[in-house]
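**Student:** Please find run-v9.txt (compact mmCIF, C-alpha atoms) on the next line:
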```
# COMPACT_ATOMS: atom_id res chain seq x y z
CA MET Q 477 135.48 106.33 93.16
CA THR Q 478 133.08 105.99 96.08
CA ALA Q 479 134.71 104.69 99.25
CA GLN Q 480 133.19 101.45 100.46
CA ARG Q 481 133.56 99.34 103.54
CA GLU Q 482 132.44 95.73 103.49
CA THR Q 483 131.49 93.40 106.31
CA ASP Q 484 130.70 89.73 105.84
CA SER Q 485 128.23 88.02 108.13
CA SER Q 486 129.34 84.60 106.91
CA ALA Q 487 133.09 84.77 107.34
CA GLY Q 488 134.89 82.12 105.33
CA ALA Q 489 131.87 81.27 103.20
CA THR Q 490 132.34 81.54 99.43
CA SER Q 491 129.07 80.09 98.19
CA THR Q 492 125.45 80.39 99.27
CA SER Q 493 122.51 78.78 97.54
CA GLY Q 494 120.06 81.21 95.98
CA PRO Q 495 117.79 82.56 94.94
CA PHE Q 496 119.32 85.75 96.25
CA VAL Q 497 117.63 88.96 97.35
CA LEU Q 498 119.03 92.44 97.98
CA GLY Q 499 118.00 94.90 100.65
CA VAL Q 500 119.15 98.51 100.28
CA ASP Q 501 119.00 101.38 102.76
CA SER Q 502 119.77 104.87 101.42
CA GLY Q 503 120.00 107.57 104.06
CA GLY Q 504 121.86 110.66 105.13
CA SER Q 505 124.98 108.75 106.17
CA GLY Q 506 125.34 106.73 102.97
CA LEU Q 507 124.09 103.66 101.13
CA ARG Q 508 124.02 100.19 102.73
CA VAL Q 509 123.40 96.94 100.87
CA ALA Q 510 122.58 93.51 102.29
CA LEU Q 511 122.65 90.28 100.28
CA GLY Q 512 120.36 87.56 101.53
CA SER Q 513 118.80 84.31 100.47
CA VAL Q 514 115.08 83.58 100.29
CA GLY Q 515 115.45 80.79 102.81
CA MET Q 516 117.57 82.70 105.36
CA SER Q 517 116.48 85.46 107.73
CA ALA Q 518 119.97 86.95 108.26
CA PRO Q 519 122.05 88.52 105.50
CA VAL Q 520 124.93 86.50 104.09
CA GLY Q 521 126.94 89.67 103.48
CA THR Q 522 126.66 93.45 103.72
CA THR Q 523 128.52 96.42 102.33
CA ALA Q 524 128.28 100.16 102.85
CA CYS Q 525 129.08 103.20 100.71
CA ALA Q 526 130.07 106.23 102.74
CA GLU Q 527 128.73 108.81 100.27
CA PRO Q 528 125.01 109.66 100.57
CA VAL Q 529 122.99 109.50 97.36
CA ARG Q 530 122.60 112.96 95.89
CA THR Q 531 119.29 114.81 95.72
CA GLY Q 532 118.80 117.35 92.94
CA PRO Q 533 116.01 119.33 91.29
CA ALA Q 534 114.45 116.09 89.98
CA GLY Q 535 114.55 114.44 93.41
CA ILE Q 536 116.74 111.55 94.52
CA ASP Q 537 119.37 110.96 91.81
CA ALA Q 538 118.73 107.52 90.32
CA GLY Q 539 122.00 107.53 88.40
CA HIS Q 540 124.07 108.25 91.50
CA LEU Q 541 122.27 105.50 93.44
CA LEU Q 542 122.99 103.01 90.64
CA GLU Q 543 126.67 104.07 90.51
CA GLN Q 544 127.00 102.91 94.11
CA LEU Q 545 124.55 100.03 94.24
CA LEU Q 546 125.53 98.01 91.16
CA PRO Q 547 129.26 97.55 91.94
CA ALA Q 548 128.42 96.76 95.58
CA ALA Q 549 125.80 94.19 94.57
CA ARG Q 550 128.11 92.51 92.05
CA ARG Q 551 130.90 92.19 94.61
CA LEU Q 552 128.54 90.60 97.11
CA LEU Q 553 127.21 88.19 94.49
CA GLU Q 554 130.69 87.19 93.39
CA ARG Q 555 131.84 86.64 96.95
CA HIS Q 556 128.90 84.37 97.67
CA GLY Q 557 129.01 82.26 94.55
CA SER Q 558 126.71 83.82 91.96
CA ARG Q 559 128.53 85.38 89.02
CA ASP Q 560 125.63 85.08 86.60
CA ARG Q 561 122.56 87.29 86.40
CA THR Q 562 119.95 84.73 87.28
CA GLY Q 563 120.17 84.80 91.05
CA ILE Q 564 118.41 88.03 92.05
CA ALA Q 565 114.83 87.15 92.85
CA ALA Q 566 113.91 90.49 94.41
CA VAL Q 567 115.36 93.85 95.42
CA ALA Q 568 113.89 96.19 98.02
CA ILE Q 569 115.21 99.75 98.25
CA GLY Q 570 114.32 102.00 101.14
CA ALA Q 571 115.30 105.65 100.82
CA ALA Q 572 114.95 108.75 102.92
CA GLY Q 573 112.70 111.12 100.99
CA MET Q 574 111.24 108.38 98.78
CA ALA Q 575 107.66 109.48 99.38
CA THR Q 576 108.18 113.05 98.12
CA LEU Q 577 111.46 112.90 96.14
CA GLY Q 578 111.44 109.38 94.70
CA GLY Q 579 109.82 110.01 91.30
CA GLN Q 580 113.05 109.47 89.36
CA LEU Q 581 113.78 106.27 91.26
CA ARG Q 582 110.32 104.88 90.50
CA ALA Q 583 110.66 105.82 86.84
CA GLU Q 584 114.20 104.55 86.17
CA LEU Q 585 115.18 101.82 88.62
CA PRO Q 586 112.89 98.96 87.48
CA SER Q 587 114.35 98.66 83.97
CA ALA Q 588 117.89 99.57 85.05
CA LEU Q 589 118.06 96.89 87.75
CA GLU Q 590 116.41 94.29 85.55
CA GLY Q 591 118.99 94.88 82.83
CA ALA Q 592 122.02 95.06 85.11
CA LEU Q 593 121.27 92.33 87.65
CA GLY Q 594 118.54 90.22 86.09
CA MET Q 595 116.25 91.29 88.93
CA ARG Q 596 112.72 89.90 88.73
CA ARG Q 597 110.80 91.83 91.43
CA LEU Q 598 111.40 95.28 92.92
CA ALA Q 599 109.96 97.15 95.90
CA LEU Q 600 110.62 100.86 96.42
CA ALA Q 601 109.87 102.07 99.93
CA ALA Q 602 110.10 105.13 102.11
CA ASP Q 603 112.65 104.69 104.87
CA ALA Q 604 109.81 104.83 107.40
CA VAL Q 605 108.37 101.68 105.81
CA THR Q 606 111.68 99.80 105.95
CA ALA Q 607 112.05 101.00 109.55
CA TYR Q 608 108.59 99.56 110.22
CA ALA Q 609 109.45 96.26 108.55
CA GLY Q 610 112.69 96.03 110.50
CA ALA Q 611 111.12 96.92 113.84
CA VAL Q 612 107.68 95.27 113.66
CA GLY Q 613 107.79 92.90 110.69
CA GLN Q 614 104.66 92.08 108.70
CA ARG Q 615 102.27 92.42 111.64
CA PRO Q 616 99.78 95.18 112.47
CA GLY Q 617 101.27 97.84 114.69
CA ALA Q 618 103.08 101.13 114.70
CA VAL Q 619 106.63 102.39 114.67
CA VAL Q 620 108.06 105.71 115.76
CA ALA Q 621 111.37 106.35 113.99
CA GLY Q 622 113.29 109.06 115.80
CA GLY Q 623 116.63 110.62 114.95
CA THR Q 624 117.30 114.13 113.74
CA GLY Q 625 113.64 114.13 112.67
CA LEU Q 626 110.66 112.10 113.76
CA ILE Q 627 107.98 110.16 111.91
CA ALA Q 628 105.35 107.66 113.03
CA LEU Q 629 103.88 105.01 110.75
CA GLY Q 630 101.21 102.44 111.49
CA THR Q 631 99.18 99.85 109.63
CA ASP Q 632 96.42 97.34 110.15
CA LEU Q 633 97.77 95.60 107.00
CA THR Q 634 95.01 97.24 104.95
CA SER Q 635 96.26 100.83 104.84
CA TRP Q 636 99.08 103.00 106.16
CA ARG Q 637 98.66 105.85 108.61
CA ARG Q 638 101.40 108.45 108.86
CA ALA Q 639 102.03 111.22 111.37
CA ASP Q 640 104.69 113.92 111.20
CA GLY Q 641 107.97 113.52 109.35
CA TRP Q 642 107.42 116.97 107.86
CA GLY Q 643 110.91 118.33 108.50
CA HIS Q 644 112.32 120.61 111.18
CA LEU Q 645 110.50 123.73 109.94
CA LEU Q 646 107.02 122.20 109.76
CA GLY Q 647 107.13 119.37 112.27
CA ASP Q 648 109.38 116.51 113.39
CA SER Q 649 108.06 117.42 116.83
CA GLY Q 650 109.91 115.68 119.61
CA GLY Q 651 112.79 114.63 117.35
CA GLY Q 652 116.46 115.41 117.83
CA ALA Q 653 116.43 118.73 115.99
CA TRP Q 654 113.29 119.79 117.89
CA ILE Q 655 114.88 118.95 121.27
CA GLY Q 656 118.15 120.60 120.32
CA ARG Q 657 116.44 123.77 119.14
CA ALA Q 658 114.37 123.98 122.33
CA GLY Q 659 117.55 123.55 124.38
CA LEU Q 660 119.37 126.25 122.45
CA ASP Q 661 116.35 128.56 122.84
CA ALA Q 662 116.49 128.06 126.62
CA ALA Q 663 120.22 128.75 126.58
CA MET Q 664 119.79 131.99 124.63
CA ARG Q 665 117.02 133.05 127.01
CA ALA Q 666 119.43 132.61 129.90
CA HIS Q 667 122.05 134.63 128.03
CA ASP Q 668 119.53 137.46 127.54
CA GLY Q 669 118.02 137.27 131.02
CA ARG Q 670 114.59 136.33 129.66
CA ARG Q 671 112.10 134.10 131.46
CA GLY Q 672 112.38 130.39 130.69
CA GLY Q 673 116.15 130.38 130.40
CA SER Q 674 118.51 127.69 131.61
CA ALA Q 675 121.95 128.54 132.95
CA ALA Q 676 122.94 124.87 132.70
CA LEU Q 677 122.08 124.74 128.99
CA LEU Q 678 123.85 128.05 128.37
CA ALA Q 679 126.98 126.57 129.92
CA ARG Q 680 126.71 123.51 127.65
CA LEU Q 681 126.13 125.71 124.56
CA GLU Q 682 129.30 127.68 125.27
CA ALA Q 683 131.26 124.49 126.00
CA VAL Q 684 130.38 122.72 122.76
CA LEU Q 685 129.49 125.49 120.29
CA GLY Q 686 131.30 128.59 121.53
CA PRO Q 687 130.11 132.01 122.73
CA ALA Q 688 126.33 132.41 122.63
CA PRO Q 689 126.33 135.65 120.57
CA GLU Q 690 128.18 133.82 117.79
CA LEU Q 691 125.58 131.06 117.50
CA PRO Q 692 123.49 132.72 114.72
CA GLY Q 693 126.57 133.09 112.52
CA LEU Q 694 127.47 129.47 113.14
CA LEU Q 695 123.99 128.08 112.54
CA TYR Q 696 122.19 130.08 109.85
CA PRO Q 697 124.67 129.69 106.96
CA ARG Q 698 124.78 125.91 107.39
CA THR Q 699 122.95 123.66 104.94
CA ASP Q 700 122.82 120.92 107.60
CA ARG Q 701 121.01 123.00 110.22
CA PRO Q 702 118.77 120.12 111.40
CA ALA Q 703 121.83 118.01 112.17
CA VAL Q 704 123.51 120.90 114.02
CA LEU Q 705 120.36 121.43 116.09
CA ALA Q 706 120.10 117.71 116.81
CA SER Q 707 123.72 117.60 117.96
CA PHE Q 708 122.65 119.62 121.01
CA ALA Q 709 119.89 117.20 122.03
CA PRO Q 710 122.26 114.95 124.05
CA GLU Q 711 123.31 118.05 126.00
CA VAL Q 712 119.68 118.60 126.95
CA ALA Q 713 119.44 115.00 128.13
CA SER Q 714 122.67 115.31 130.14
CA CYS Q 715 121.26 118.34 132.01
CA ALA Q 716 117.78 116.93 132.61
CA GLY Q 717 118.62 115.25 135.94
CA GLN Q 718 119.53 118.56 137.61
CA ASP Q 719 117.90 121.23 135.45
CA PRO Q 720 114.10 121.59 135.44
CA VAL Q 721 114.08 123.46 132.13
CA ALA Q 722 115.93 120.64 130.34
CA ALA Q 723 113.68 118.06 132.00
CA GLY Q 724 110.63 120.03 130.87
CA ILE Q 725 111.87 120.05 127.25
CA LEU Q 726 112.13 116.25 127.28
CA ARG Q 727 108.69 115.91 128.88
CA GLU Q 728 107.23 118.06 126.11
CA ALA Q 729 109.10 116.01 123.51
CA ALA Q 730 107.59 112.87 125.03
CA VAL Q 731 104.10 114.33 124.66
CA HIS Q 732 104.72 115.02 120.95
CA ILE Q 733 106.16 111.55 120.32
CA ALA Q 734 103.25 109.85 122.06
CA GLU Q 735 100.78 111.98 120.08
CA ALA Q 736 102.37 110.81 116.83
CA ALA Q 737 102.19 107.18 117.95
CA ALA Q 738 98.54 107.57 119.00
CA ALA Q 739 97.67 109.07 115.62
CA VAL Q 740 98.87 106.00 113.69
CA CYS Q 741 98.32 103.06 116.03
CA PRO Q 742 95.64 100.75 114.58
CA LYS Q 743 92.68 99.88 116.74
CA ALA Q 744 92.70 96.55 118.52
CA GLY Q 745 91.49 93.70 116.34
CA ALA Q 746 88.71 91.22 116.93
CA ASP Q 747 90.95 89.26 119.32
CA ASP Q 748 91.48 92.49 121.31
CA GLU Q 749 95.25 92.25 120.92
CA PRO Q 750 96.96 95.46 122.02
CA CYS Q 751 98.64 97.65 119.43
CA GLU Q 752 102.38 97.03 119.33
CA VAL Q 753 104.41 100.25 119.19
CA ALA Q 754 108.11 99.94 118.35
CA LEU Q 755 110.59 102.73 119.04
CA THR Q 756 113.55 102.78 116.67
CA GLY Q 757 116.34 105.20 115.84
CA GLY Q 758 119.16 107.02 117.56
CA LEU Q 759 116.84 109.42 119.39
CA PHE Q 760 115.86 106.74 121.87
CA ARG Q 761 119.46 106.03 122.79
CA MET Q 762 119.18 109.09 125.04
CA GLY Q 763 117.94 106.65 127.64
CA ASP Q 764 115.89 107.38 130.74
CA PRO Q 765 115.79 111.20 130.53
CA LEU Q 766 113.57 110.77 127.47
CA LEU Q 767 112.28 107.20 127.84
CA VAL Q 768 110.84 107.58 131.34
CA PRO Q 769 108.50 110.49 130.45
CA LEU Q 770 107.79 108.85 127.08
CA ARG Q 771 106.60 105.62 128.70
CA GLU Q 772 104.37 107.66 130.98
CA GLU Q 773 102.87 109.53 128.02
CA LEU Q 774 102.35 106.37 125.99
CA SER Q 775 100.56 104.78 128.94
CA ARG Q 776 98.33 107.84 129.22
CA GLN Q 777 97.59 108.37 125.52
CA LEU Q 778 97.69 104.72 124.39
CA PRO Q 779 96.70 102.59 127.38
CA GLN Q 780 95.86 99.72 125.02
CA ALA Q 781 99.31 99.69 123.41
CA ARG Q 782 102.39 97.62 124.20
CA THR Q 783 105.74 99.33 123.69
CA VAL Q 784 108.48 97.08 122.34
CA PRO Q 785 112.06 97.70 121.25
CA GLY Q 786 112.62 97.66 117.51
CA SER Q 787 113.97 94.25 116.50
CA GLY Q 788 115.84 95.48 113.43
CA ASP Q 789 116.95 98.57 111.54
CA PRO Q 790 115.86 99.86 108.09
CA LEU Q 791 118.43 97.68 106.29
CA THR Q 792 117.03 94.61 108.04
CA GLY Q 793 113.56 95.80 107.04
CA ALA Q 794 114.54 96.27 103.39
CA LEU Q 795 115.99 92.76 103.27
CA SER Q 796 112.85 91.28 104.86
CA ILE Q 797 110.64 93.07 102.31
CA ALA Q 798 112.78 91.65 99.47
CA GLN Q 799 112.53 88.16 100.96
CA ALA Q 800 108.75 88.42 101.34
CA LEU Q 801 108.43 89.77 97.79
CA ALA Q 802 110.48 86.89 96.37
CA ALA Q 803 108.42 84.35 98.30
CA GLY Q 804 105.09 85.88 97.23
CA ASP Q 805 104.30 86.68 100.87
CA LEU Q 806 104.43 90.49 101.06
CA ARG Q 807 101.62 91.40 103.47
CA LEU Q 808 102.45 95.05 104.08
CA PRO Q 809 100.00 97.24 102.15
CA LEU Q 810 101.13 98.81 98.90
CA HIS Q 811 101.00 102.56 98.44
CA PRO Q 812 101.96 104.68 95.42
CA THR Q 813 104.76 106.49 97.27
CA LEU Q 814 105.31 104.72 100.61
CA LEU Q 815 105.63 101.14 99.31
CA CYS Q 816 105.57 100.67 95.54
CA VAL Q 817 105.96 97.38 93.67
CA PRO Q 818 106.04 98.34 89.98
CA GLY Q 819 103.65 96.25 87.90
CA HIS Q 820 102.15 94.47 90.92
CA GLY Q 821 98.63 94.48 92.25
CA PRO Q 822 95.23 95.45 90.86
CA GLU Q 823 95.22 99.00 89.59
CA GLN Q 824 92.60 101.22 91.16
CA GLU Q 825 91.59 104.78 90.58
CA PRO Q 826 93.48 107.00 93.02
CA GLY Q 827 91.78 109.59 95.16
CA PRO Q 828 92.27 113.28 94.39
CA ASP Q 829 95.29 113.54 96.73
CA LEU Q 830 96.92 110.23 95.74
CA GLN Q 831 98.09 110.20 92.16
CA HIS Q 832 100.00 107.17 90.91
CA PRO Q 833 103.65 107.82 90.13
CA PRO Q 834 104.98 106.35 86.90
CA GLY Q 835 105.27 102.58 86.93
CA CYS Q 836 103.55 102.05 90.28
CA ARG Q 837 100.13 100.76 91.11
CA GLN Q 838 98.02 101.15 94.18
CA SER Q 839 96.53 98.27 96.14
CA ARG Q 840 94.01 98.63 98.94
CA THR Q 841 95.72 101.61 100.52
CA VAL Q 842 94.66 105.01 101.76
CA ASP Q 843 97.04 107.70 102.97
CA ARG Q 844 96.32 109.83 105.95
```
If you took the structure in this file and wrote it as structure tokens, what would it be?

**Tutor:**
Amino acid sequence: MTAQRETDSSAGATSTSGPFVLGVDSGGSGLRVALGSVGMSAPVGTTACAEPVRTGPAGIDAGHLLEQLLPAARRLLERHGSRDRTGIAAVAIGAAGMATLGGQLRAELPSALEGALGMRRLALAADAVTAYAGAVGQRPGAVVAGGTGLIALGTDLTSWRRADGWGHLLGDSGGGAWIGRAGLDAAMRAHDGRRGGSAALLARLEAVLGPAPELPGLLYPRTDRPAVLASFAPEVASCAGQDPVAAGILREAAVHIAEAAAAVCPKAGADDEPCEVALTGGLFRMGDPLLVPLREELSRQLPQARTVPGSGDPLTGALSIAQALAAGDLRLPLHPTLLCVPGHGPEQEPGPDLQHPPGCRQSRTVDR
């Protein structure tokens, strides 16, 4: 049985008027579920499953997601006064890898959730979209979601623009794994006596990971190499105040992050409002060693933009998408893989690089 931990944002409450909505966030640390009401902005209850949803040859495992989601949803509904199957107006599921690995979810979840929960509307979103909805809402703007990886997403509410998010081998430039790898490279250079090395970072490598010559044997067999690389990023930040090599790594990371934001930020509208750029994710908890050079780069590359802190996380964003869908007020643009509402919207012929997945339709959207 999957271990679950439940928190209740309405302690002592046993009944909440519907119609209810569900927001779901599926990521590397597990599955989180929020129950909300159409008329309330905050969730009435949340629960979390510690086991991440499996990914197999067919992509994200729809059966494994349902094994965790359905019991969690039923417990939340029972706790808040809805034991029948008529109270779920909409469900929004955001998942890491949805854009490229979500084919099974798009094919199987609509009928499965309708049969199990009486769900009437469903949105399936990439986690970058739920991060956008949580950080910016349903307004034009851009979000940079930074953690182990890094992706930027922007919209003018007509189409989505995406930059990076291609994984640690092909991109994620400026993200945690990128910073950690650059720091470890500088440490190994110092160990070898090559130019560009950092004695401070070598000392941190040996303190937290062991002798430098043993690093390849520790790193290369691991299936979670991006996470191991990212675990060294805070060490780079801790050295940046005294070590010019570490400071230079964070300045270069800031350039990459600002480039991603500039690539997706919509142009100012007719009212000349500046583009709003939200920064969300654990990467930005590094604080000033990264944020100071990043603000400088954003000012240089996006002088028309206004940087704001993200107002909510991907679970908040999933819940807000479900609420908007239930109210008939979803203004974020649909996309066959980034934000899919099965059976909704006028079907259009896709371009040669945008084929519709099963059950999803495209509406006024172009990928970049």

**Student:** Skip Q:Val529 itself and residues of its chain fewer than 3 positions away, then list as a list in words all residues within 9 Å of it, counting only C-alpha atoms.

**Tutor:**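 Skipping anything fewer than 3 positions along the chain leaves Ser502, Gly503, Gly504, Gly506, Leu507, Ile536, Asp537, Ala538, His540, Leu541 and Gln544 of chain Q.
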
**Student:** Kindly give the distance, in Å, that separates atom CA of Q:Glu728 and atom CA of Q:Ala709, rounded to a single decimal.

**Tutor:**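 It comes out at 13.3 Å.
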
**Student:** In Å, with one decimal, what is the gap from atom CA of Q:Val514 to atom CA of Q:Leu498?

**Tutor:**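 The value is 10.0 Å.
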
**Student:** Starting from the point (113.1, 130.9, 129.0), work out which residues of protein, DNA or RNA have an atom no more than 10 Å away when counting only C-alpha atoms; state them as a PyMOL selection string.

**Tutor:** chain Q and resi 658-659+661-675+721

**Student:** Can you work out which one of Q:Leu791, Q:Cys525, Q:Met516, Q:Ile655 has the shortest atom-to-atom distance to Q:Gly724, counting only C-alpha atoms?

**Tutor:**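 Result for the nearest residue to Q:Gly724: Q:Ile655.
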
**Student:** What is the distance between atom CA of Q:Val768 and atom CA of Q:Gly613, in Å to one decimal?

**Tutor:**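 One can read the atom CA of Q:Val768 to atom CA of Q:Gly613 distance as 25.5 Å.
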
**Student:** List as number ranges by chain the protein and nucleic acid residues near stretch 747-759 of chain Q, meaning an atom at most 7 Å away when only C-alpha atoms are counted, but skip any in the same chain fewer than 6 places from it.

**Tutor:** Q: 611-612, 617-623, 651-652, 741, 780-786

**Student:** Please tabulate, as JSON lines, the residues of stretch 554-668 of chain Q that come within 7 Å of stretch 688-704 of chain Q, each with its closest pair of atoms and the distance in Å to one decimal, counting all atoms listed in the file and ordering rows by chain, then residue number upward.

**Tutor:**
```
{"residue": "Q:Thr624", "atom": "CA", "partner": "Q:Ala703", "partner_atom": "CA", "distance": 6.2}
{"residue": "Q:His644", "atom": "CA", "partner": "Q:Pro702", "partner_atom": "CA", "distance": 6.5}
{"residue": "Q:Ala653", "atom": "CA", "partner": "Q:Pro702", "partner_atom": "CA", "distance": 5.3}
{"residue": "Q:Met664", "atom": "CA", "partner": "Q:Ala688", "partner_atom": "CA", "distance": 6.9}
```

**Student:** I want to know what sits within 9 Å of Q:Ala572, based on all atoms listed in the file, with residues of the same chain fewer than 2 positions away left out; could you give that as a PyMOL selection string?

**Tutor:** chain Q and resi 501-504+570+574-575+577-578+601-604

**Student:** Find, counting all atoms listed in the file, the residue in Q:Ala607, Q:Ala639, Q:Ala599, Q:Leu766 that gets nearest to Q:Glu735.

**Tutor:**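 Of the candidates, the smallest distance to Q:Glu735 is held by Q:Ala639.
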
**Student:** Name the closest residue to Q:Leu593 among the candidates Q:Ala679, Q:Ala565, Q:Val817, Q:Ile627; distances are taken between atoms, counting only C-alpha atoms.

**Tutor:** Q:Ala565

**Student:** Which of these residues is nearest to Q:Thr634, using only C-alpha atoms: Q:Pro809, Q:Gly647, Q:Pro519, Q:Gly788?

**Tutor:**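 Checking each candidate against Q:Thr634, we get Q:Pro809 as the closest.
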
**Student:** Rank nothing, just name the residue among Q:Pro769, Q:Gly579, Q:Gly650, Q:Gly717 nearest to Q:Ala534, using all atoms listed in the file.

**Tutor:** Q:Gly579

**Student:** In terms of the shortest atom-to-atom distance over all atoms listed in the file, which of Q:Ala716, Q:Ala734, Q:Val567, Q:Leu795 is closest to Q:Glu773?

**Tutor:** Q:Ala734
